[in-house]
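Worksheet for the structure shown next.
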Amino acid sequence: MKFFLDTANIRDIEEAASWGVLAGVTTNPTLYAREGGTLADFHAHIERICAIVDGPVSAETVGLKRAEIVAEGVELAAIAPNVVVKVPVMPEGLAATKALAEKGIAVNMTLCFTVPQALMAARAGARYVSPFIGRFDDISEDGLEHLGNMVAALNNYDFGHDVEVIAASVRHNQHVVAAALMGADIATVPFNVLEKLVKHPLTDRGLESFLADWEKVKNA
Ligand code: G3P
């Protein structure tokens with residue numbers, strides 16, 4: 001499994017990149033708004049992220065008609081070679097994904113909640129398919145079961161191009177563990193989850209005892 005950060009926060013992206021584990025970044029309009037982003041600075045902000053990350057950076061379109069989505073996607077893809085255009089799954093989004101894929105532009109199809117949505121995203125030419133987990137949990141459904149179904153269905157077929165599953169809307173470590181065991185290619189996680197993924201109380205306890213014993217060595 002590869003780890004992506006699901007954020008538009010530059011400091012968090014720089015920190016995760018410094019750990020050597022950051023394989024990509026996903027953003028969306030909500031995450032950009034959370035950083036106080038403006039329309040005028042949007043492309044420059046994506047460019048800043050692309051310069052930090054050695055991997056795909058998803059930037060989302062907001063158009064509802066295929067022509068608008070394609071036009072936005074072409075502009076976003078011109079920002080940097082590692083931009084991936086994020087497109088919501090809907091009929092116009094599928095049509096735009098087909099057109100963008102035909103232009104050689106990688107698409108991350110987002111807001112996938114069902115097996116047919118995931119299959120259609122891949123058929124339309126999406127390079128990445130993003131099933132959401134946490135938002136199912138928010139409405140008392142098992143997001144991991146839905147993710148498992150989407151991963152299994154996608155694995156049944158050859159789409160004629162590489163398709164990677166990005167487990168998205170990740171809220172905690174167990175989402176990541178289960179997604180990895182199901183074979184999701186990527187987990188895109190908020191920075192606070194990434195921090196928790198590297199921690200374990202036994203690691204902390206082990207480190208404490210190693211350091212305490214090293215004091216004995218130094219004083220021997
Ligand atoms: O990037 C899309 C997805 O990860 C959003 O997650 O937490 O808003 O459901 P969330």
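The chains in the structure tokens are called A, B, ... from first to last as shown; in each chain the residues are counted from 1, and the ligands are counted from 1 in the order shown.
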
Subject >> 10 Å contact set for Gly125 of chain A, only C-alpha atoms, chain neighbours under 6 positions out, as a ChimeraX atom specification >> reply: /A:94-102,104-109,159-163

Taking only residues of chain A that have an atom at most 10 Å from an atom of ligand 1, what is each one's shortest atom pair and its distance in Å to one decimal, using only C-alpha atoms and all ligand atoms, in chain and number order, as a Markdown table?
| residue | atom | partner | partner_atom_place_in_ligand_line | distance |
| --- | --- | --- | --- | --- |
| A:Leu5 | CA | ligand 1 | 1 (O) | 9.0 |
| A:Asp6 | CA | ligand 1 | 1 (O) | 5.6 |
| A:Thr7 | CA | ligand 1 | 1 (O) | 7.7 |
| A:Val25 | CA | ligand 1 | 1 (O) | 9.2 |
| A:Thr26 | CA | ligand 1 | 1 (O) | 5.8 |
| A:Thr27 | CA | ligand 1 | 1 (O) | 5.7 |
| A:Asn28 | CA | ligand 1 | 1 (O) | 5.6 |
| A:Pro29 | CA | ligand 1 | 1 (O) | 9.0 |
| A:Thr30 | CA | ligand 1 | 8 (O) | 7.6 |
| A:Leu31 | CA | ligand 1 | 1 (O) | 7.8 |
| A:Ser58 | CA | ligand 1 | 1 (O) | 8.8 |
| A:Ala59 | CA | ligand 1 | 1 (O) | 9.8 |
| A:Glu60 | CA | ligand 1 | 1 (O) | 9.2 |
| A:Lys86 | CA | ligand 1 | 1 (O) | 9.3 |
| A:Thr110 | CA | ligand 1 | 2 (C) | 7.1 |
| A:Leu111 | CA | ligand 1 | 2 (C) | 7.3 |
| A:Cys112 | CA | ligand 1 | 2 (C) | 9.9 |
| A:Ser130 | CA | ligand 1 | 2 (C) | 7.7 |
| A:Pro131 | CA | ligand 1 | 3 (C) | 8.6 |
| A:Phe132 | CA | ligand 1 | 3 (C) | 6.3 |
| A:Ile133 | CA | ligand 1 | 9 (O) | 7.4 |
| A:Gly134 | CA | ligand 1 | 9 (O) | 5.5 |
| A:Arg135 | CA | ligand 1 | 9 (O) | 5.1 |
| A:Phe136 | CA | ligand 1 | 9 (O) | 8.7 |
| A:Asp137 | CA | ligand 1 | 9 (O) | 9.6 |
| A:Asp138 | CA | ligand 1 | 9 (O) | 8.7 |
| A:Ile166 | CA | ligand 1 | 4 (O) | 8.9 |
| A:Ala167 | CA | ligand 1 | 4 (O) | 7.7 |
| A:Ala168 | CA | ligand 1 | 4 (O) | 4.0 |
| A:Ser169 | CA | ligand 1 | 6 (O) | 3.3 |
| A:Val170 | CA | ligand 1 | 4 (O) | 6.1 |
| A:Arg171 | CA | ligand 1 | 7 (O) | 6.5 |
| A:Ala187 | CA | ligand 1 | 4 (O) | 9.0 |
| A:Thr188 | CA | ligand 1 | 4 (O) | 6.4 |
| A:Val189 | CA | ligand 1 | 4 (O) | 6.9 |
| A:Pro190 | CA | ligand 1 | 7 (O) | 7.9 |

Go ahead and save the residues from that selection, with N, CA, C and O atoms, as a tab-separated table (two decimals), in the first residue's frame.
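out39.tsv was written with the following content:
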chain	number	residue	atom	x	y	z
A	5	LEU	N	-1.29	11.81	1.31
A	5	LEU	CA	-1.92	12.72	2.26
A	5	LEU	C	-3.16	13.33	1.62
A	5	LEU	O	-3.13	13.72	0.45
A	6	ASP	N	-4.23	13.41	2.39
A	6	ASP	CA	-5.48	13.99	1.94
A	6	ASP	C	-5.57	15.38	2.57
A	6	ASP	O	-6.18	15.57	3.62
A	7	THR	N	-4.93	16.34	1.94
A	7	THR	CA	-4.83	17.68	2.53
A	7	THR	C	-4.34	18.66	1.48
A	7	THR	O	-3.77	18.27	0.46
A	25	VAL	N	-0.55	13.09	-3.05
A	25	VAL	CA	-1.45	13.96	-2.29
A	25	VAL	C	-2.79	14.02	-3.01
A	25	VAL	O	-2.83	14.01	-4.25
A	26	THR	N	-3.86	14.03	-2.24
A	26	THR	CA	-5.17	14.30	-2.82
A	26	THR	C	-5.73	15.57	-2.17
A	26	THR	O	-5.59	15.76	-0.96
A	27	THR	N	-6.33	16.41	-2.99
A	27	THR	CA	-6.99	17.60	-2.45
A	27	THR	C	-8.43	17.58	-2.94
A	27	THR	O	-8.79	16.79	-3.82
A	28	ASN	N	-9.23	18.42	-2.35
A	28	ASN	CA	-10.59	18.63	-2.87
A	28	ASN	C	-10.98	20.06	-2.50
A	28	ASN	O	-10.25	20.73	-1.75
A	29	PRO	N	-12.09	20.57	-3.01
A	29	PRO	CA	-12.45	21.96	-2.73
A	29	PRO	C	-12.58	22.26	-1.24
A	29	PRO	O	-12.21	23.35	-0.78
A	30	THR	N	-13.08	21.29	-0.47
A	30	THR	CA	-13.23	21.50	0.98
A	30	THR	C	-11.86	21.66	1.65
A	30	THR	O	-11.66	22.55	2.48
A	31	LEU	N	-10.93	20.80	1.28
A	31	LEU	CA	-9.59	20.84	1.90
A	31	LEU	C	-8.88	22.13	1.52
A	31	LEU	O	-8.16	22.72	2.35
A	58	SER	N	-3.64	15.08	-6.75
A	58	SER	CA	-4.99	15.23	-7.31
A	58	SER	C	-5.53	16.62	-7.05
A	58	SER	O	-5.55	17.09	-5.90
A	59	ALA	N	-6.00	17.27	-8.12
A	59	ALA	CA	-6.65	18.57	-8.02
A	59	ALA	C	-8.03	18.42	-8.65
A	59	ALA	O	-8.16	17.90	-9.76
A	60	GLU	N	-9.04	18.88	-7.92
A	60	GLU	CA	-10.42	18.54	-8.32
A	60	GLU	C	-11.08	19.61	-9.19
A	60	GLU	O	-10.90	20.81	-8.98
A	86	LYS	N	-8.98	15.33	-10.61
A	86	LYS	CA	-9.97	14.61	-9.81
A	86	LYS	C	-11.36	15.01	-10.29
A	86	LYS	O	-11.69	16.21	-10.34
A	110	THR	N	-13.61	10.45	-8.17
A	110	THR	CA	-13.88	10.58	-6.74
A	110	THR	C	-15.37	10.44	-6.42
A	110	THR	O	-16.20	10.39	-7.31
A	111	LEU	N	-15.64	10.37	-5.11
A	111	LEU	CA	-17.01	10.22	-4.60
A	111	LEU	C	-17.64	8.90	-5.04
A	111	LEU	O	-18.83	8.84	-5.33
A	112	CYS	N	-16.79	7.84	-5.08
A	112	CYS	CA	-17.30	6.51	-5.44
A	112	CYS	C	-17.81	5.79	-4.20
A	112	CYS	O	-17.07	5.62	-3.22
A	130	SER	N	-11.54	6.30	-6.42
A	130	SER	CA	-11.53	6.64	-4.98
A	130	SER	C	-12.82	6.30	-4.27
A	130	SER	O	-13.76	7.11	-4.23
A	131	PRO	N	-12.90	5.09	-3.69
A	131	PRO	CA	-14.03	4.78	-2.81
A	131	PRO	C	-13.88	5.50	-1.48
A	131	PRO	O	-12.78	5.57	-0.92
A	132	PHE	N	-14.99	6.04	-0.98
A	132	PHE	CA	-14.99	6.74	0.31
A	132	PHE	C	-15.41	5.76	1.40
A	132	PHE	O	-16.41	5.05	1.24
A	133	ILE	N	-14.70	5.77	2.51
A	133	ILE	CA	-15.03	4.86	3.62
A	133	ILE	C	-15.83	5.59	4.71
A	133	ILE	O	-16.94	5.21	5.05
A	134	GLY	N	-15.22	6.63	5.27
A	134	GLY	CA	-15.76	7.28	6.47
A	134	GLY	C	-17.16	7.83	6.30
A	134	GLY	O	-17.96	7.81	7.25
A	135	ARG	N	-17.45	8.31	5.11
A	135	ARG	CA	-18.78	8.92	4.93
A	135	ARG	C	-19.89	7.86	5.01
A	135	ARG	O	-21.03	8.19	5.32
A	136	PHE	N	-19.54	6.59	4.71
A	136	PHE	CA	-20.50	5.51	4.95
A	136	PHE	C	-20.67	5.31	6.45
A	136	PHE	O	-21.79	5.16	6.94
A	137	ASP	N	-19.53	5.30	7.16
A	137	ASP	CA	-19.61	5.12	8.62
A	137	ASP	C	-20.46	6.23	9.24
A	137	ASP	O	-21.22	6.00	10.18
A	138	ASP	N	-20.34	7.45	8.67
A	138	ASP	CA	-21.10	8.60	9.20
A	138	ASP	C	-22.60	8.37	9.13
A	138	ASP	O	-23.36	8.95	9.90
A	166	ILE	N	-7.79	4.14	-4.58
A	166	ILE	CA	-7.39	5.02	-3.47
A	166	ILE	C	-8.48	4.95	-2.41
A	166	ILE	O	-9.59	5.46	-2.62
A	167	ALA	N	-8.18	4.31	-1.28
A	167	ALA	CA	-9.13	4.31	-0.16
A	167	ALA	C	-9.15	5.72	0.41
A	167	ALA	O	-8.13	6.22	0.89
A	168	ALA	N	-10.32	6.38	0.32
A	168	ALA	CA	-10.43	7.78	0.72
A	168	ALA	C	-11.44	7.92	1.85
A	168	ALA	O	-12.08	6.94	2.24
A	169	SER	N	-11.56	9.16	2.36
A	169	SER	CA	-12.44	9.41	3.49
A	169	SER	C	-12.05	8.49	4.65
A	169	SER	O	-12.87	7.80	5.23
A	170	VAL	N	-10.75	8.50	4.92
A	170	VAL	CA	-10.16	7.64	5.96
A	170	VAL	C	-10.14	8.41	7.27
A	170	VAL	O	-9.69	9.54	7.32
A	171	ARG	N	-10.64	7.78	8.33
A	171	ARG	CA	-10.77	8.49	9.61
A	171	ARG	C	-9.81	7.98	10.68
A	171	ARG	O	-9.55	8.67	11.65
A	187	ALA	N	-3.85	4.42	0.38
A	187	ALA	CA	-4.75	5.05	1.36
A	187	ALA	C	-4.39	6.52	1.39
A	187	ALA	O	-3.22	6.87	1.55
A	188	THR	N	-5.39	7.37	1.18
A	188	THR	CA	-5.13	8.81	1.32
A	188	THR	C	-5.70	9.24	2.65
A	188	THR	O	-6.87	9.00	2.96
A	189	VAL	N	-4.84	9.80	3.50
A	189	VAL	CA	-5.21	10.01	4.90
A	189	VAL	C	-4.91	11.45	5.33
A	189	VAL	O	-3.97	12.06	4.84
A	190	PRO	N	-5.72	11.97	6.27
A	190	PRO	CA	-5.38	13.26	6.86
A	190	PRO	C	-4.06	13.14	7.63
A	190	PRO	O	-3.70	12.03	8.06

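Among A:Ala178, A:Asn156, A:Glu164, A:Gly183, the residue with the shortest atom-to-atom distance to Ala121 of chain A, counting only C-alpha atoms, is A:Glu164.
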
Subject >> Distance query Gly93 of chain A at most 8 Å, only C-alpha atoms, self and fewer than 2 positions along chain excluded, as a PyMOL selection string >> reply: chain A and resi 64-66+69+87-91+95-97

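Comparing A:Ala33, A:Ala40, A:Leu22, A:Val85 by their smallest distance to Gly55 of chain A, the closest is A:Leu22 (using only C-alpha atoms).
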
**OP:** Using only C-alpha atoms, determine which residues lie at most 10 Å from Ala80 of chain A, disregarding the query and same-chain residues fewer than 6 positions distant; provide the list as an MDAnalysis selection string.
**Re:** chainID A and resid 43 46:51 56:57

Keeping only all heavy atoms, write the selected residues to a file as a PDB file, in the first residue's frame.
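File written: out_10.pdb
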ATOM      1  N   HIS A  43      -4.247  27.588  -8.672  1.00  0.00           N
ATOM      2  CA  HIS A  43      -3.258  26.884  -9.502  1.00  0.00           C
ATOM      3  C   HIS A  43      -1.858  26.978  -8.898  1.00  0.00           C
ATOM      4  O   HIS A  43      -1.100  26.007  -8.915  1.00  0.00           O
ATOM      5  CB  HIS A  43      -3.277  27.426 -10.935  1.00  0.00           C
ATOM      6  CG  HIS A  43      -4.454  26.945 -11.726  1.00  0.00           C
ATOM      7  ND1 HIS A  43      -4.530  27.010 -13.084  1.00  0.00           N
ATOM      8  CD2 HIS A  43      -5.620  26.365 -11.332  1.00  0.00           C
ATOM      9  CE1 HIS A  43      -5.678  26.496 -13.503  1.00  0.00           C
ATOM     10  NE2 HIS A  43      -6.360  26.115 -12.446  1.00  0.00           N
ATOM     11  N   ILE A  46      -1.579  24.460  -6.076  1.00  0.00           N
ATOM     12  CA  ILE A  46      -1.366  23.090  -6.583  1.00  0.00           C
ATOM     13  C   ILE A  46       0.077  22.946  -7.073  1.00  0.00           C
ATOM     14  O   ILE A  46       0.730  21.911  -6.825  1.00  0.00           O
ATOM     15  CB  ILE A  46      -2.381  22.773  -7.719  1.00  0.00           C
ATOM     16  CG1 ILE A  46      -3.824  22.766  -7.175  1.00  0.00           C
ATOM     17  CG2 ILE A  46      -2.043  21.444  -8.396  1.00  0.00           C
ATOM     18  CD1 ILE A  46      -4.130  21.700  -6.127  1.00  0.00           C
ATOM     19  N   GLU A  47       0.584  23.979  -7.696  1.00  0.00           N
ATOM     20  CA  GLU A  47       1.972  23.942  -8.184  1.00  0.00           C
ATOM     21  C   GLU A  47       2.955  23.785  -7.019  1.00  0.00           C
ATOM     22  O   GLU A  47       3.917  23.028  -7.099  1.00  0.00           O
ATOM     23  CB  GLU A  47       2.268  25.228  -8.961  1.00  0.00           C
ATOM     24  CG  GLU A  47       3.553  25.158  -9.768  1.00  0.00           C
ATOM     25  CD  GLU A  47       3.749  26.389 -10.646  1.00  0.00           C
ATOM     26  OE1 GLU A  47       2.953  27.347 -10.557  1.00  0.00           O
ATOM     27  OE2 GLU A  47       4.728  26.382 -11.415  1.00  0.00           O
ATOM     28  N   ARG A  48       2.675  24.497  -5.906  1.00  0.00           N
ATOM     29  CA  ARG A  48       3.540  24.381  -4.718  1.00  0.00           C
ATOM     30  C   ARG A  48       3.521  22.943  -4.189  1.00  0.00           C
ATOM     31  O   ARG A  48       4.559  22.386  -3.833  1.00  0.00           O
ATOM     32  CB  ARG A  48       3.077  25.353  -3.612  1.00  0.00           C
ATOM     33  CG  ARG A  48       3.408  26.807  -3.877  1.00  0.00           C
ATOM     34  CD  ARG A  48       3.164  27.662  -2.628  1.00  0.00           C
ATOM     35  NE  ARG A  48       1.761  28.000  -2.408  1.00  0.00           N
ATOM     36  CZ  ARG A  48       1.122  29.010  -3.002  1.00  0.00           C
ATOM     37  NH1 ARG A  48       1.754  29.807  -3.831  1.00  0.00           N
ATOM     38  NH2 ARG A  48      -0.148  29.250  -2.741  1.00  0.00           N
ATOM     39  N   ILE A  49       2.339  22.354  -4.153  1.00  0.00           N
ATOM     40  CA  ILE A  49       2.244  20.964  -3.661  1.00  0.00           C
ATOM     41  C   ILE A  49       3.013  20.030  -4.596  1.00  0.00           C
ATOM     42  O   ILE A  49       3.772  19.159  -4.145  1.00  0.00           O
ATOM     43  CB  ILE A  49       0.762  20.526  -3.540  1.00  0.00           C
ATOM     44  CG1 ILE A  49       0.038  21.377  -2.491  1.00  0.00           C
ATOM     45  CG2 ILE A  49       0.669  19.042  -3.181  1.00  0.00           C
ATOM     46  CD1 ILE A  49      -1.470  21.137  -2.411  1.00  0.00           C
ATOM     47  N   CYS A  50       2.838  20.240  -5.901  1.00  0.00           N
ATOM     48  CA  CYS A  50       3.498  19.363  -6.890  1.00  0.00           C
ATOM     49  C   CYS A  50       5.017  19.437  -6.783  1.00  0.00           C
ATOM     50  O   CYS A  50       5.712  18.449  -7.076  1.00  0.00           O
ATOM     51  CB  CYS A  50       3.062  19.741  -8.304  1.00  0.00           C
ATOM     52  SG  CYS A  50       1.364  19.263  -8.658  1.00  0.00           S
ATOM     53  N   ALA A  51       5.522  20.585  -6.366  1.00  0.00           N
ATOM     54  CA  ALA A  51       6.979  20.744  -6.250  1.00  0.00           C
ATOM     55  C   ALA A  51       7.522  19.986  -5.038  1.00  0.00           C
ATOM     56  O   ALA A  51       8.687  19.584  -5.013  1.00  0.00           O
ATOM     57  CB  ALA A  51       7.332  22.223  -6.132  1.00  0.00           C
ATOM     58  N   PRO A  56       1.798  11.512  -7.640  1.00  0.00           N
ATOM     59  CA  PRO A  56       0.595  12.175  -8.141  1.00  0.00           C
ATOM     60  C   PRO A  56      -0.065  13.109  -7.139  1.00  0.00           C
ATOM     61  O   PRO A  56      -0.155  12.787  -5.941  1.00  0.00           O
ATOM     62  CB  PRO A  56      -0.341  11.010  -8.487  1.00  0.00           C
ATOM     63  CG  PRO A  56       0.263   9.799  -7.902  1.00  0.00           C
ATOM     64  CD  PRO A  56       1.683  10.054  -7.593  1.00  0.00           C
ATOM     65  N   VAL A  57      -0.526  14.243  -7.630  1.00  0.00           N
ATOM     66  CA  VAL A  57      -1.230  15.240  -6.803  1.00  0.00           C
ATOM     67  C   VAL A  57      -2.593  15.477  -7.448  1.00  0.00           C
ATOM     68  O   VAL A  57      -2.670  15.990  -8.565  1.00  0.00           O
ATOM     69  CB  VAL A  57      -0.436  16.563  -6.734  1.00  0.00           C
ATOM     70  CG1 VAL A  57      -1.254  17.649  -6.036  1.00  0.00           C
ATOM     71  CG2 VAL A  57       0.904  16.353  -6.032  1.00  0.00           C
TER      72      VAL A  57
END

**OP:** Check segment 14-206 of chain A with DSSP on the backbone and list each residue it calls strand (DSSP E), as a ChimeraX atom specification.
**Re:** /A:22-26,57-60,83-88,107-112,128-131,164-167,186-189

Write to file, as an mmCIF file, in the first residue's frame, the residues of the selection just made, with N, CA and C atoms.
data_model
loop_
_atom_site.group_PDB
_atom_site.id
_atom_site.type_symbol
_atom_site.label_atom_id
_atom_site.label_comp_id
_atom_site.auth_asym_id
_atom_site.auth_seq_id
_atom_site.Cartn_x
_atom_site.Cartn_y
_atom_site.Cartn_z
ATOM 1 N N LEU A 22 5.733 9.547 1.717
ATOM 2 C CA LEU A 22 4.633 10.202 1.003
ATOM 3 C C LEU A 22 4.699 9.912 -0.494
ATOM 4 N N ALA A 23 3.704 9.181 -0.988
ATOM 5 C CA ALA A 23 3.703 8.787 -2.407
ATOM 6 C C ALA A 23 2.779 9.651 -3.244
ATOM 7 N N GLY A 24 2.013 10.536 -2.612
ATOM 8 C CA GLY A 24 1.108 11.384 -3.379
ATOM 9 C C GLY A 24 0.236 12.207 -2.446
ATOM 10 N N VAL A 25 -0.547 13.087 -3.051
ATOM 11 C CA VAL A 25 -1.452 13.957 -2.285
ATOM 12 C C VAL A 25 -2.787 14.017 -3.015
ATOM 13 N N THR A 26 -3.858 14.035 -2.235
ATOM 14 C CA THR A 26 -5.174 14.302 -2.817
ATOM 15 C C THR A 26 -5.728 15.569 -2.167
ATOM 16 N N VAL A 57 -0.526 14.243 -7.630
ATOM 17 C CA VAL A 57 -1.230 15.240 -6.803
ATOM 18 C C VAL A 57 -2.593 15.477 -7.448
ATOM 19 N N SER A 58 -3.641 15.077 -6.746
ATOM 20 C CA SER A 58 -4.989 15.232 -7.306
ATOM 21 C C SER A 58 -5.534 16.624 -7.047
ATOM 22 N N ALA A 59 -5.996 17.268 -8.120
ATOM 23 C CA ALA A 59 -6.648 18.575 -8.023
ATOM 24 C C ALA A 59 -8.028 18.423 -8.650
ATOM 25 N N GLU A 60 -9.043 18.883 -7.923
ATOM 26 C CA GLU A 60 -10.417 18.543 -8.317
ATOM 27 C C GLU A 60 -11.078 19.611 -9.195
ATOM 28 N N VAL A 83 0.301 16.331 -11.852
ATOM 29 C CA VAL A 83 -1.107 16.606 -11.518
ATOM 30 C C VAL A 83 -1.992 15.484 -12.039
ATOM 31 N N VAL A 84 -2.904 15.043 -11.174
ATOM 32 C CA VAL A 84 -3.967 14.119 -11.572
ATOM 33 C C VAL A 84 -5.278 14.887 -11.424
ATOM 34 N N VAL A 85 -6.122 14.813 -12.414
ATOM 35 C CA VAL A 85 -7.368 15.567 -12.385
ATOM 36 C C VAL A 85 -8.432 14.736 -11.678
ATOM 37 N N LYS A 86 -8.978 15.331 -10.612
ATOM 38 C CA LYS A 86 -9.971 14.608 -9.813
ATOM 39 C C LYS A 86 -11.359 15.014 -10.293
ATOM 40 N N VAL A 87 -12.153 14.013 -10.646
ATOM 41 C CA VAL A 87 -13.465 14.261 -11.251
ATOM 42 C C VAL A 87 -14.523 13.461 -10.489
ATOM 43 N N PRO A 88 -15.622 14.110 -10.088
ATOM 44 C CA PRO A 88 -16.694 13.367 -9.413
ATOM 45 C C PRO A 88 -17.374 12.378 -10.351
ATOM 46 N N VAL A 107 -6.817 10.664 -14.549
ATOM 47 C CA VAL A 107 -7.997 11.086 -13.786
ATOM 48 C C VAL A 107 -8.136 10.230 -12.530
ATOM 49 N N ASN A 108 -8.483 10.897 -11.439
ATOM 50 C CA ASN A 108 -8.862 10.227 -10.202
ATOM 51 C C ASN A 108 -10.357 10.438 -10.049
ATOM 52 N N MET A 109 -11.131 9.368 -10.207
ATOM 53 C CA MET A 109 -12.579 9.515 -10.110
ATOM 54 C C MET A 109 -12.991 9.386 -8.664
ATOM 55 N N THR A 110 -13.614 10.451 -8.166
ATOM 56 C CA THR A 110 -13.880 10.585 -6.736
ATOM 57 C C THR A 110 -15.368 10.439 -6.416
ATOM 58 N N LEU A 111 -15.638 10.372 -5.113
ATOM 59 C CA LEU A 111 -17.008 10.222 -4.604
ATOM 60 C C LEU A 111 -17.637 8.902 -5.042
ATOM 61 N N CYS A 112 -16.793 7.837 -5.076
ATOM 62 C CA CYS A 112 -17.297 6.508 -5.441
ATOM 63 C C CYS A 112 -17.812 5.792 -4.197
ATOM 64 N N TYR A 128 -7.202 6.347 -11.426
ATOM 65 C CA TYR A 128 -7.414 6.091 -9.992
ATOM 66 C C TYR A 128 -8.913 6.107 -9.710
ATOM 67 N N VAL A 129 -9.332 5.207 -8.837
ATOM 68 C CA VAL A 129 -10.733 5.165 -8.405
ATOM 69 C C VAL A 129 -10.738 5.345 -6.887
ATOM 70 N N SER A 130 -11.542 6.300 -6.418
ATOM 71 C CA SER A 130 -11.525 6.643 -4.982
ATOM 72 C C SER A 130 -12.825 6.295 -4.269
ATOM 73 N N PRO A 131 -12.902 5.088 -3.689
ATOM 74 C CA PRO A 131 -14.032 4.777 -2.813
ATOM 75 C C PRO A 131 -13.877 5.505 -1.477
ATOM 76 N N GLU A 164 -5.677 2.104 -10.133
ATOM 77 C CA GLU A 164 -5.344 1.925 -8.717
ATOM 78 C C GLU A 164 -6.488 2.453 -7.858
ATOM 79 N N VAL A 165 -6.760 1.709 -6.785
ATOM 80 C CA VAL A 165 -7.811 2.106 -5.846
ATOM 81 C C VAL A 165 -7.200 2.971 -4.753
ATOM 82 N N ILE A 166 -7.791 4.143 -4.577
ATOM 83 C CA ILE A 166 -7.394 5.025 -3.470
ATOM 84 C C ILE A 166 -8.479 4.950 -2.409
ATOM 85 N N ALA A 167 -8.184 4.308 -1.280
ATOM 86 C CA ALA A 167 -9.131 4.305 -0.164
ATOM 87 C C ALA A 167 -9.147 5.718 0.410
ATOM 88 N N ILE A 186 -3.753 2.245 -2.457
ATOM 89 C CA ILE A 186 -3.354 3.514 -1.822
ATOM 90 C C ILE A 186 -4.346 3.836 -0.710
ATOM 91 N N ALA A 187 -3.847 4.423 0.381
ATOM 92 C CA ALA A 187 -4.746 5.049 1.355
ATOM 93 C C ALA A 187 -4.395 6.522 1.386
ATOM 94 N N THR A 188 -5.389 7.374 1.179
ATOM 95 C CA THR A 188 -5.133 8.809 1.320
ATOM 96 C C THR A 188 -5.697 9.237 2.655
ATOM 97 N N VAL A 189 -4.837 9.799 3.500
ATOM 98 C CA VAL A 189 -5.208 10.012 4.902
ATOM 99 C C VAL A 189 -4.915 11.448 5.327
#

**OP:** Take atom CA of Val177 of chain A and atom CA of Phe210 of chain A and report the distance between them in Å, one decimal.
**Re:** 27.9 Å
